[in-house]
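For reference, the structure is listed below as structure tokens.
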Amino acid sequence: MSGTFLGMPTAPPRGAGNLRGEEPFPAAARTELGNTQMRRNVGKATRTIRNKRLQVTGELPDWEQLRSAGAAVKRDVMARLPELLEQFERAVTERGGHVHWARDAAEANAIVTGLVKDTGADEALKVKSMATQEIGLNEHLADEGITAIETDLAELIVQLGEDRPSHILVPAIHRNRSEIREIFLRSMPGVDPGLDDDPTHLANAARRFLRERFMRARVAISGANFGIAETGTLSVVESEGNGRMCLTMPETLITVMGLEKLIPAYADLEVFLQLLPRSSTGERMNPYTSMWTGVTPDDGPQEFHLVLLDNGRTATLADEVGREALHCIRCSACLNVCPVYERTGGHAYGSTYPGPIGAVLTPQLAGMDTGGGDPNSSLPYASSLCGACFDACPVKIDIPSLLVELRHQHVEEARVSAEQLMMKAASTAMATSGRWTAAQRAAQLGRLLGRGGRIRTLPPPGSAWTAARDLPVPPKQTFRQWWDSAEGRAAIDDAHREGGRP
Ligand code: SF4
């Protein structure tokens, strides 16, 4: 074979930004599991949303057909993504919008910051957006002297609390109302010092704070739930009306949209606007659905910029199996049914995208460096593979299979994994009966390490195995020892008698 470089493209770059935690999932989860208040808050909230979702999805006779339709549309989008993106760009431009392409978080941040600076504004309103969280836009704007103001109530709580979001839909799901009151009293300028924790009073405090900012805003930054290739229309769905204010009042609107949010035609919204609210908030219809197409003279923002974000999406699309994760419409149903997420909360995942979808999307967008203890390489194991996420997903993403595939890739690429070491040790020990007997005797020493019937930490190299799981304490006797004992012999004699044998 020729060694001449024939100009084949290199692998697409991975994404950057808030897509990597500081420690592997097992260590982060252990810390979070100690936070009983968080566990109580998350457990209560996910239970409530879960029950509402079951009720409203159960009342639609064609729910399964809707799910299949959503999955089919998304499959079609991924198969034709380059062509649809070009169609979308043409449509947005023809209607007076400006389209910018961003390969990664750094490019997207630089584009948005430049656009805000061009307006002369030093603050920008934000509509809740996973894409801008993913790229760390608020932090970047702050470094450039621009204040980003989150207008979604839960995002505002996270921002004022200098916290991190822990849920796709309800970023402050880990906070209860008395914690929210404390945050408002501590960090909300002009708040009534007598504020109590009544939910209506808390919402009114946020409304007063935000209304003043809506009135003076010159720039708003949004994400997008859907971009329609056929017409160049963008859509944001939300529940509080803050999005509607941001999308209509400022002079300049900047939207950051992940490439995968595209749908081919306006008619496809019919499917997704039924799937999304029922799966996310358990509502039959979304309270505020805003749509805009380019610029309309004398109505709404007169300057519209769309930043199309790759940040690892092309790399994900290149994976035949893993690309299914790009079908996600960010409803968060998979989080609300996941037994792992319910106990650890979202912070343990270390990424903008927590829960089951985060466990497959994050390592694909940002990669998992299998050799260097990358926290992302632990995410595909953050699941019991119970399958509840697959059942709940409105676009039928087979998350358990994606998790297994990522585990497979991790094992294939890892130089040496804990599992490989343990399996190799087990295979050596089981090779002869003498070795196996000696290994069983040695294992009985493990009884000294057990507490409450479990061994939680083994000394190295076994510590790699117990980092993410515990072990039962070995029994007092091996089966062979029991067989040779008086008790064993008596049991065997009894069995013979019962079986009628001499
Ligand atoms: S993977 Fe499915 S269930 Fe989970 S957030 Fe995405 S669309 Fe919703």
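Labeling convention for the structure tokens: chains A, B, ... as they appear, residues from 1 per chain, ligands from 1 in order of appearance.
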Which residues of chain A come within 10 Å of ligand 1, and what is each one's closest atom pair and distance in Å (one decimal), counting only C-alpha atoms and all ligand atoms, sorted by chain and residue number, as JSON lines?
{"residue": "A:Gly70", "atom": "CA", "partner": "ligand 1", "partner_atom_place_in_ligand_line": "7 (S)", "distance": 9.7}
{"residue": "A:Ala71", "atom": "CA", "partner": "ligand 1", "partner_atom_place_in_ligand_line": "7 (S)", "distance": 9.6}
{"residue": "A:His167", "atom": "CA", "partner": "ligand 1", "partner_atom_place_in_ligand_line": "5 (S)", "distance": 10.0}
{"residue": "A:Ile168", "atom": "CA", "partner": "ligand 1", "partner_atom_place_in_ligand_line": "5 (S)", "distance": 7.5}
{"residue": "A:Leu169", "atom": "CA", "partner": "ligand 1", "partner_atom_place_in_ligand_line": "5 (S)", "distance": 8.9}
{"residue": "A:Leu275", "atom": "CA", "partner": "ligand 1", "partner_atom_place_in_ligand_line": "7 (S)", "distance": 9.1}
{"residue": "A:Leu276", "atom": "CA", "partner": "ligand 1", "partner_atom_place_in_ligand_line": "8 (Fe)", "distance": 8.0}
{"residue": "A:Ser279", "atom": "CA", "partner": "ligand 1", "partner_atom_place_in_ligand_line": "8 (Fe)", "distance": 7.0}
{"residue": "A:Ser280", "atom": "CA", "partner": "ligand 1", "partner_atom_place_in_ligand_line": "8 (Fe)", "distance": 7.3}
{"residue": "A:Glu324", "atom": "CA", "partner": "ligand 1", "partner_atom_place_in_ligand_line": "1 (S)", "distance": 9.2}
{"residue": "A:Ala325", "atom": "CA", "partner": "ligand 1", "partner_atom_place_in_ligand_line": "1 (S)", "distance": 6.8}
{"residue": "A:Leu326", "atom": "CA", "partner": "ligand 1", "partner_atom_place_in_ligand_line": "6 (Fe)", "distance": 8.5}
{"residue": "A:His327", "atom": "CA", "partner": "ligand 1", "partner_atom_place_in_ligand_line": "7 (S)", "distance": 6.9}
{"residue": "A:Cys328", "atom": "CA", "partner": "ligand 1", "partner_atom_place_in_ligand_line": "6 (Fe)", "distance": 3.7}
{"residue": "A:Ile329", "atom": "CA", "partner": "ligand 1", "partner_atom_place_in_ligand_line": "7 (S)", "distance": 4.3}
{"residue": "A:Arg330", "atom": "CA", "partner": "ligand 1", "partner_atom_place_in_ligand_line": "5 (S)", "distance": 3.9}
{"residue": "A:Cys331", "atom": "CA", "partner": "ligand 1", "partner_atom_place_in_ligand_line": "8 (Fe)", "distance": 3.9}
{"residue": "A:Ser332", "atom": "CA", "partner": "ligand 1", "partner_atom_place_in_ligand_line": "5 (S)", "distance": 3.8}
{"residue": "A:Ala333", "atom": "CA", "partner": "ligand 1", "partner_atom_place_in_ligand_line": "3 (S)", "distance": 4.3}
{"residue": "A:Cys334", "atom": "CA", "partner": "ligand 1", "partner_atom_place_in_ligand_line": "3 (S)", "distance": 4.0}
{"residue": "A:Leu335", "atom": "CA", "partner": "ligand 1", "partner_atom_place_in_ligand_line": "4 (Fe)", "distance": 6.5}
{"residue": "A:Asn336", "atom": "CA", "partner": "ligand 1", "partner_atom_place_in_ligand_line": "3 (S)", "distance": 8.7}
{"residue": "A:Val337", "atom": "CA", "partner": "ligand 1", "partner_atom_place_in_ligand_line": "3 (S)", "distance": 9.0}
{"residue": "A:Cys338", "atom": "CA", "partner": "ligand 1", "partner_atom_place_in_ligand_line": "4 (Fe)", "distance": 9.9}
{"residue": "A:Tyr353", "atom": "CA", "partner": "ligand 1", "partner_atom_place_in_ligand_line": "5 (S)", "distance": 9.0}
{"residue": "A:Pro354", "atom": "CA", "partner": "ligand 1", "partner_atom_place_in_ligand_line": "5 (S)", "distance": 9.4}
{"residue": "A:Gly355", "atom": "CA", "partner": "ligand 1", "partner_atom_place_in_ligand_line": "4 (Fe)", "distance": 8.0}
{"residue": "A:Pro356", "atom": "CA", "partner": "ligand 1", "partner_atom_place_in_ligand_line": "4 (Fe)", "distance": 6.7}
{"residue": "A:Ile357", "atom": "CA", "partner": "ligand 1", "partner_atom_place_in_ligand_line": "1 (S)", "distance": 4.8}
{"residue": "A:Gly358", "atom": "CA", "partner": "ligand 1", "partner_atom_place_in_ligand_line": "1 (S)", "distance": 8.3}
{"residue": "A:Val360", "atom": "CA", "partner": "ligand 1", "partner_atom_place_in_ligand_line": "1 (S)", "distance": 9.1}
{"residue": "A:Leu361", "atom": "CA", "partner": "ligand 1", "partner_atom_place_in_ligand_line": "1 (S)", "distance": 9.0}
{"residue": "A:Ala388", "atom": "CA", "partner": "ligand 1", "partner_atom_place_in_ligand_line": "3 (S)", "distance": 9.6}
{"residue": "A:Cys389", "atom": "CA", "partner": "ligand 1", "partner_atom_place_in_ligand_line": "3 (S)", "distance": 6.2}
{"residue": "A:Phe390", "atom": "CA", "partner": "ligand 1", "partner_atom_place_in_ligand_line": "3 (S)", "distance": 7.3}
{"residue": "A:Asp391", "atom": "CA", "partner": "ligand 1", "partner_atom_place_in_ligand_line": "3 (S)", "distance": 8.5}
{"residue": "A:Ala392", "atom": "CA", "partner": "ligand 1", "partner_atom_place_in_ligand_line": "3 (S)", "distance": 5.7}
{"residue": "A:Cys393", "atom": "CA", "partner": "ligand 1", "partner_atom_place_in_ligand_line": "3 (S)", "distance": 3.5}
{"residue": "A:Pro394", "atom": "CA", "partner": "ligand 1", "partner_atom_place_in_ligand_line": "7 (S)", "distance": 5.7}
{"residue": "A:Val395", "atom": "CA", "partner": "ligand 1", "partner_atom_place_in_ligand_line": "7 (S)", "distance": 5.8}
{"residue": "A:Lys396", "atom": "CA", "partner": "ligand 1", "partner_atom_place_in_ligand_line": "2 (Fe)", "distance": 6.6}
{"residue": "A:Ile397", "atom": "CA", "partner": "ligand 1", "partner_atom_place_in_ligand_line": "2 (Fe)", "distance": 5.8}
{"residue": "A:Asp398", "atom": "CA", "partner": "ligand 1", "partner_atom_place_in_ligand_line": "1 (S)", "distance": 8.4}
{"residue": "A:Ile399", "atom": "CA", "partner": "ligand 1", "partner_atom_place_in_ligand_line": "1 (S)", "distance": 7.1}
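For Ile49 (chain A), the non-local neighbours within 10 Å, defined as residues at least 2 positions apart in the same chain or in other chains and counting only C-alpha atoms, are Lys44, Ala45, Thr46, Arg47, Asn51, Lys52, Arg53, Leu54, Gln55, Arg278, Ser279, Ser280, Thr281, Gly282, Glu283, Ala333, Asn336 and Val337 of chain A.
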message: Give me, as a PyMOL selection string, all polymer residues having an atom no more than 8 Å from Glu251 (chain A), counting only C-alpha atoms and skipping those fewer than 6 positions away in the same chain.
response: chain A and resi 218-219+300-303
query: Skipping near chain neighbours, those fewer than 3 positions away, what residues fall within 7 Å of Glu238 (chain A) using only C-alpha atoms, listed as a VMD selection string?
result: chain A and resid 241 243 286 to 289
Output the selection as a JSON list (two decimals), in the first residue's frame - C-alpha atoms for each residue.
[["chain", "number", "residue", "atom", "x", "y", "z"],
["A", 241, "GLY", "CA", -43.12, 34.06, 28.95],
["A", 243, "GLY", "CA", -38.55, 33.82, 26.24],
["A", 286, "ASN", "CA", -46.65, 24.22, 25.67],
["A", 287, "PRO", "CA", -47.56, 27.55, 27.31],
["A", 288, "TYR", "CA", -45.33, 29.80, 25.15],
["A", 289, "THR", "CA", -44.24, 28.70, 21.68]]
Filtered DSSP result for region 118-344 of chain A, state alpha helix (DSSP H), as a PyMOL selection string: chain A and resi 118-119+130-135+137-143+153-160+177-187+199-216+242-248+269-280+313-317+333-337+339-344
message: Using only C-alpha atoms, which protein or nucleic acid residues come within 8 Å of Phe184 (chain A)? Drop anything in the same chain fewer than 4 positions from it, and give the result as an MDAnalysis selection string.
response: chainID A and resid 157 160 180 188 191
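Distance annotation: of A:Leu141, A:Ile111, A:Ala382, A:Ala27, the residue with the minimal separation from Leu406 (chain A) is A:Ala382; atom set is only C-alpha atoms.
For Arg90 (chain A), the non-local neighbours within 12 Å, defined as residues at least 5 positions apart in the same chain or in other chains and counting only C-alpha atoms, are Glu83, Leu84, Leu85, Arg95, Gly96, Gly97, His98, Val99, Ile228, Ala229, Glu230, Thr231, Gly232, Thr233, Thr293 and Gly294 of chain A.
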field: Length of the CA of Met285 (chain A) to CA of Ser68 (chain A) vector [Å]
entry: 19.6 Å
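Among the candidates A:Val73, A:Ala79, A:Met368, A:Leu306, the residue lying nearest to Gly258 (chain A) is A:Leu306 (atoms considered: only C-alpha atoms).
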